[in-house]
Amino acid sequence: MFWDQKIETIERTALEALQLMRLQATVSRVACKVPRYQQKLADCGTKPSDIRSLADVQRLPFTSNSDLRDAYPAGLLAIAPDEVLRLHTSSGTTGKPKALFFSANDVNNAAELVARCLVMTGVTRRDVLQNMMTYGLFTGALVMHYGAEKVGCLVIPAGPGNSEKQLLLMQDFRTTIVHVTPSYALYLADFMEKKGVDPRKDLALRKAFVGAEPYTEETRRKIEEALGIDVYNSYGMSEMNGPGVAFECEHKCGMHLWEDNYLLEIVDPQTGKPLPDGQTGELVLTTLCREAMPLLRYRTRDITSIIPGPCPCGRTHRRLHRITGRTDDMLIVRGVNIYPQQIERVLMSLPSVGRNYQIVLEGLDEMTINVELAEAGFDGHVEHLTRLQSEITDRLRAEILTKPKVHLVPPGTLPVSEGKAKRVIDSRSL
Ligand code: DLL
């Protein structure tokens, strides 16, 4: 099923011609409207007329997280202030926030892209989507909301948390889809288990769109098994409209990134040099359609790769591999580089492990991992717990090459956040 079959299955040569035209227009727009970009372009000696092919994107300057912070509140605005229709800010980062502006066309376009994503997983107007992302300055809820309304679903703006109420809404309005973070999805599954609700029998739930934070294939499986549904990976970021940048189709083998809207590069995070399809590096995106706040070569810090080859669904937009971490959430513990996802992968593959964990770094580089047990994994026998603890420790050591302290805790005892999960507590005195 397609929302916009023509553009979703456009031939690569036509797609690339469209990208070039839009790239040229974007570069001209920022060169003319945004003094900061005028300066950046001048610094690297590039004029809009130098962009003659897609490969010329490399002549453009990168835009970083700190460029956006420095430009706060409106230093990167490319339209007149009275043409701005909506403001979002980035969520959860320290220091100054990033302000993201939308024109009327940007708002509509963001919803179009989300509509493509939803229909690609089989959503129709008969679906009921319960949106458990945070409504407000975060793009996660509103952008999904508008997209789902475009498709014609009944959208329930539930927001996150209040699981009792979530369950009631799901039961009373026969929710078929939830839009949720992975951590909250796991929490909900636990909550239902405690309440004696069997989602397969008692609910109409069929799918979950899960994103806004990194998670592993093992976590996907855990959510799918616990809730008896299909989980589709949903990727996006506020700087690129929010959700709807890349999404899995029914084959669930990588996320199609809408290349008519975003020019995609994978670069070596250290050197910034481009990497070929299939190689892992940092995702860099250039907006091709944004009016209010176009961004050139935005360093997302997300680590991924392009999955080479065509997808059986017939869409020609290339697929991204699941995000395996960020260049900046990498932890260095006793000199070893560790991504929290490595730890999650190990934990979520063990049936006796529950659905929540926490990585605590303290003192002079001490790493403790608090691990919730699964209900079934908690039989009160000390020797079983000791065995499980050493098994987890050994597996983690094999994965992250350093030995963490593993602390087992009863199910449901670790804090659950309503928005993005805070898995790492770093209070080292290094
Ligand atoms: O999290 C937008 C969003 C909302 C996407 C809802 C999907 C669903 P930000 O708050 O700006 O925007 O955070 C963007 O979150 O650079 C990634 O590091 C991370 N992220 C988002 N989706 C995924 C995903 C929204 N599916 C940052 N897998 C991004 C891994 C993700 N990481």
# chains A, B, ... in the order shown; residues from 1 in each chain; ligands from 1
>>> residues_near_ligand(ligand="ligand 1", cutoff="7 Å", atoms="only C-alpha atoms and all ligand atoms", output="number ranges by chain")
A: 90-91, 133, 138-141, 210-215, 233-239, 242-243, 300-302, 322-323, 326
>>> select_by_dssp(residues="stretch 128-275 of chain A", states="strand (DSSP E)", output="PyMOL selection string")
chain A and resi 128-131+154-156+177-180+207-211+230-237+242-248+255-257+262-267
>>> write_last_selection(atoms="C-alpha atoms", output="PDB file, in the first residue's frame")
ATOM      1  CA  VAL A 128      -7.170   3.969  15.882  1.00  0.00           C
ATOM      2  CA  LEU A 129      -3.776   5.416  16.804  1.00  0.00           C
ATOM      3  CA  GLN A 130      -3.038   6.115  20.447  1.00  0.00           C
ATOM      4  CA  ASN A 131      -0.237   8.628  20.514  1.00  0.00           C
ATOM      5  CA  LEU A 154      -8.881   8.225  14.728  1.00  0.00           C
ATOM      6  CA  VAL A 155      -6.027   9.770  16.726  1.00  0.00           C
ATOM      7  CA  ILE A 156      -6.129   9.610  20.514  1.00  0.00           C
ATOM      8  CA  ILE A 177      -1.747   1.176  16.940  1.00  0.00           C
ATOM      9  CA  VAL A 178       0.400   2.819  19.569  1.00  0.00           C
ATOM     10  CA  HIS A 179       3.109   5.381  18.926  1.00  0.00           C
ATOM     11  CA  VAL A 180       5.554   4.998  21.759  1.00  0.00           C
ATOM     12  CA  LYS A 207       1.108  -2.473  15.625  1.00  0.00           C
ATOM     13  CA  ALA A 208       3.448  -0.135  17.433  1.00  0.00           C
ATOM     14  CA  PHE A 209       5.521   2.629  15.902  1.00  0.00           C
ATOM     15  CA  VAL A 210       8.551   2.745  18.113  1.00  0.00           C
ATOM     16  CA  GLY A 211      11.270   5.349  18.044  1.00  0.00           C
ATOM     17  CA  ASP A 230       4.277  -5.862  14.908  1.00  0.00           C
ATOM     18  CA  VAL A 231       6.801  -3.212  15.890  1.00  0.00           C
ATOM     19  CA  TYR A 232       8.008  -0.820  13.186  1.00  0.00           C
ATOM     20  CA  ASN A 233      11.108   1.245  13.705  1.00  0.00           C
ATOM     21  CA  SER A 234      10.473   4.969  13.337  1.00  0.00           C
ATOM     22  CA  TYR A 235      13.351   7.410  13.002  1.00  0.00           C
ATOM     23  CA  GLY A 236      13.478  11.160  12.931  1.00  0.00           C
ATOM     24  CA  MET A 237      14.732  14.252  14.678  1.00  0.00           C
ATOM     25  CA  GLY A 242      10.544  15.221  13.785  1.00  0.00           C
ATOM     26  CA  PRO A 243       9.231  11.695  13.151  1.00  0.00           C
ATOM     27  CA  GLY A 244       8.742  10.607   9.529  1.00  0.00           C
ATOM     28  CA  VAL A 245      12.322  10.944   8.274  1.00  0.00           C
ATOM     29  CA  ALA A 246      12.853   7.184   7.923  1.00  0.00           C
ATOM     30  CA  PHE A 247      10.513   4.315   8.703  1.00  0.00           C
ATOM     31  CA  GLU A 248      10.258   0.590   8.158  1.00  0.00           C
ATOM     32  CA  MET A 255      14.102   2.165   7.340  1.00  0.00           C
ATOM     33  CA  HIS A 256      13.335   3.900   4.046  1.00  0.00           C
ATOM     34  CA  LEU A 257      14.621   7.451   4.262  1.00  0.00           C
ATOM     35  CA  TYR A 262      16.525  14.682   2.635  1.00  0.00           C
ATOM     36  CA  LEU A 263      19.890  14.306   0.973  1.00  0.00           C
ATOM     37  CA  LEU A 264      21.642  11.500   2.741  1.00  0.00           C
ATOM     38  CA  GLU A 265      25.341  10.990   3.402  1.00  0.00           C
ATOM     39  CA  ILE A 266      27.208   8.592   5.663  1.00  0.00           C
ATOM     40  CA  VAL A 267      30.539  10.031   6.733  1.00  0.00           C
TER      41      VAL A 267
END
>>> atom_distance(atom1="atom CA of A:Arg345", atom2="atom CA of A:Leu285")
27.2 Å
>>> closest_atom_pairs(of="stretch 58-98 of chain A", to="stretch 104-107 of chain A", cutoff="10 Å", atoms="only C-alpha atoms", output="Markdown table")
| residue | atom | partner | partner_atom | distance |
| --- | --- | --- | --- | --- |
| A:Glu83 | CA | A:Ala104 | CA | 7.7 |
| A:Val84 | CA | A:Ala104 | CA | 7.2 |
| A:Leu85 | CA | A:Ala104 | CA | 5.7 |
| A:Arg86 | CA | A:Val107 | CA | 7.7 |
>>> atom_distance(atom1="atom CA of A:His145", atom2="atom CA of A:Leu169")
16.5 Å
>>> select_by_dssp(residues="stretch 227-380 of chain A", states="helix (DSSP H, G or I)", output="list in words")
Leu227, Ser238, Glu239, Met240, Pro340, Gln341, Gln342, Ile343, Glu344, Arg345, Val346, Leu347, Met348, Glu375, Ala376 and Gly377 of chain A
>>> atom_distance(atom1="atom CA of A:Leu77", atom2="atom CA of A:Arg36")
9.8 Å
>>> closest_residue(among="A:Ser417, A:Asn241, A:Thr176, A:Thr121", to="A:His88", atoms="only C-alpha atoms")
A:Asn241
>>> closest_residue(among="A:Ile229, A:Met192, A:Cys313, A:Ala80", to="A:Gln5", atoms="only C-alpha atoms")
A:Cys313
>>> residues_around(residues="A:Pro308", least_positions_apart="2", cutoff="8 Å", atoms="only C-alpha atoms", output="list in words")
Asp277, Gly278, Ile306, Pro310, Arg318 and Arg319 of chain A
>>> write_last_selection(atoms="N, CA, C and O atoms", output="PDB file, in the first residue's frame")
ATOM      1  N   ASP A 277      27.975   2.994   0.456  1.00  0.00           N
ATOM      2  CA  ASP A 277      26.822   2.247   0.963  1.00  0.00           C
ATOM      3  C   ASP A 277      27.307   0.978   1.641  1.00  0.00           C
ATOM      4  O   ASP A 277      28.220   0.309   1.145  1.00  0.00           O
ATOM      5  N   GLY A 278      26.707   0.638   2.770  1.00  0.00           N
ATOM      6  CA  GLY A 278      27.064  -0.590   3.477  1.00  0.00           C
ATOM      7  C   GLY A 278      28.044  -0.339   4.616  1.00  0.00           C
ATOM      8  O   GLY A 278      28.140  -1.135   5.533  1.00  0.00           O
ATOM      9  N   ILE A 306      23.913   2.508   5.213  1.00  0.00           N
ATOM     10  CA  ILE A 306      22.884   2.342   4.190  1.00  0.00           C
ATOM     11  C   ILE A 306      22.838   0.866   3.830  1.00  0.00           C
ATOM     12  O   ILE A 306      23.881   0.243   3.631  1.00  0.00           O
ATOM     13  N   PRO A 310      17.908  -3.234  -3.581  1.00  0.00           N
ATOM     14  CA  PRO A 310      16.499  -2.831  -3.577  1.00  0.00           C
ATOM     15  C   PRO A 310      15.697  -3.541  -2.478  1.00  0.00           C
ATOM     16  O   PRO A 310      16.084  -4.605  -2.008  1.00  0.00           O
ATOM     17  N   ARG A 318      16.403   4.744  -0.385  1.00  0.00           N
ATOM     18  CA  ARG A 318      17.320   3.804   0.272  1.00  0.00           C
ATOM     19  C   ARG A 318      16.983   3.601   1.758  1.00  0.00           C
ATOM     20  O   ARG A 318      16.321   4.441   2.374  1.00  0.00           O
ATOM     21  N   ARG A 319      17.454   2.457   2.268  1.00  0.00           N
ATOM     22  CA  ARG A 319      17.120   2.098   3.646  1.00  0.00           C
ATOM     23  C   ARG A 319      18.308   2.294   4.589  1.00  0.00           C
ATOM     24  O   ARG A 319      19.442   1.995   4.244  1.00  0.00           O
TER      25      ARG A 319
END
>>> closest_residue(among="A:Leu283, A:Val360, A:Val409, A:Ile223", to="A:Glu375", atoms="only C-alpha atoms")
A:Val409
>>> closest_residue(among="A:Ile79, A:Thr63, A:Leu18, A:Pro73", to="A:Val34", atoms="only C-alpha atoms")
A:Ile79
>>> decode(residues="stretch 92-111 of chain A", atoms="N, CA, C and O atoms", output="short mmCIF file (atom, residue, chain, number, x, y, z; two decimals), in the first residue's frame")
data_model
loop_
_atom_site.label_atom_id
_atom_site.label_comp_id
_atom_site.auth_asym_id
_atom_site.auth_seq_id
_atom_site.Cartn_x
_atom_site.Cartn_y
_atom_site.Cartn_z
N GLY A 92 15.39 17.43 25.69
CA GLY A 92 16.28 16.69 26.59
C GLY A 92 17.78 16.97 26.56
O GLY A 92 18.49 16.33 27.31
N THR A 93 18.25 17.89 25.76
CA THR A 93 19.71 18.08 25.76
C THR A 93 20.09 19.11 26.82
O THR A 93 19.26 19.88 27.26
N THR A 94 21.33 19.10 27.18
CA THR A 94 21.77 20.06 28.20
C THR A 94 22.08 21.40 27.53
O THR A 94 22.23 21.46 26.32
N GLY A 95 22.17 22.43 28.30
CA GLY A 95 22.51 23.75 27.75
C GLY A 95 21.34 24.36 27.01
O GLY A 95 20.19 24.01 27.24
N LYS A 96 21.68 25.27 26.10
CA LYS A 96 20.62 25.97 25.36
C LYS A 96 19.85 25.01 24.47
O LYS A 96 20.45 24.12 23.85
N PRO A 97 18.54 25.20 24.36
CA PRO A 97 17.80 24.32 23.44
C PRO A 97 18.05 24.74 22.00
O PRO A 97 18.68 25.76 21.73
N LYS A 98 17.52 23.93 21.08
CA LYS A 98 17.57 24.30 19.67
C LYS A 98 16.15 24.65 19.27
O LYS A 98 15.21 23.92 19.60
N ALA A 99 15.99 25.79 18.60
CA ALA A 99 14.65 26.19 18.17
C ALA A 99 14.45 25.77 16.72
O ALA A 99 15.34 25.98 15.89
N LEU A 100 13.33 25.16 16.43
CA LEU A 100 13.05 24.69 15.07
C LEU A 100 11.76 25.32 14.59
O LEU A 100 10.72 25.17 15.24
N PHE A 101 11.83 25.99 13.46
CA PHE A 101 10.67 26.71 12.93
C PHE A 101 10.07 25.98 11.74
O PHE A 101 10.79 25.36 10.96
N PHE A 102 8.75 26.11 11.61
CA PHE A 102 8.04 25.49 10.50
C PHE A 102 7.19 26.56 9.79
O PHE A 102 6.48 27.32 10.45
N SER A 103 7.24 26.56 8.46
CA SER A 103 6.28 27.37 7.68
C SER A 103 5.02 26.51 7.48
O SER A 103 5.00 25.33 7.85
N ALA A 104 4.00 27.10 6.86
CA ALA A 104 2.78 26.32 6.59
C ALA A 104 3.11 25.11 5.71
O ALA A 104 2.63 24.00 5.95
N ASN A 105 3.96 25.33 4.71
CA ASN A 105 4.33 24.19 3.85
C ASN A 105 5.12 23.13 4.61
O ASN A 105 4.99 21.94 4.35
N ASP A 106 5.96 23.59 5.54
CA ASP A 106 6.75 22.62 6.33
C ASP A 106 5.82 21.75 7.17
O ASP A 106 6.03 20.54 7.29
N VAL A 107 4.81 22.38 7.79
CA VAL A 107 3.87 21.62 8.63
C VAL A 107 3.15 20.58 7.77
O VAL A 107 3.05 19.40 8.12
N ASN A 108 2.71 21.02 6.59
CA ASN A 108 1.97 20.11 5.72
C ASN A 108 2.88 19.00 5.19
O ASN A 108 2.50 17.83 5.16
N ASN A 109 4.09 19.38 4.83
CA ASN A 109 5.02 18.42 4.28
C ASN A 109 5.41 17.35 5.31
O ASN A 109 5.51 16.17 5.00
N ALA A 110 5.61 17.80 6.55
CA ALA A 110 5.97 16.85 7.62
C ALA A 110 4.84 15.83 7.77
O ALA A 110 5.09 14.62 7.93
N ALA A 111 3.61 16.29 7.71
CA ALA A 111 2.46 15.38 7.85
C ALA A 111 2.38 14.42 6.66
O ALA A 111 2.07 13.24 6.81
#
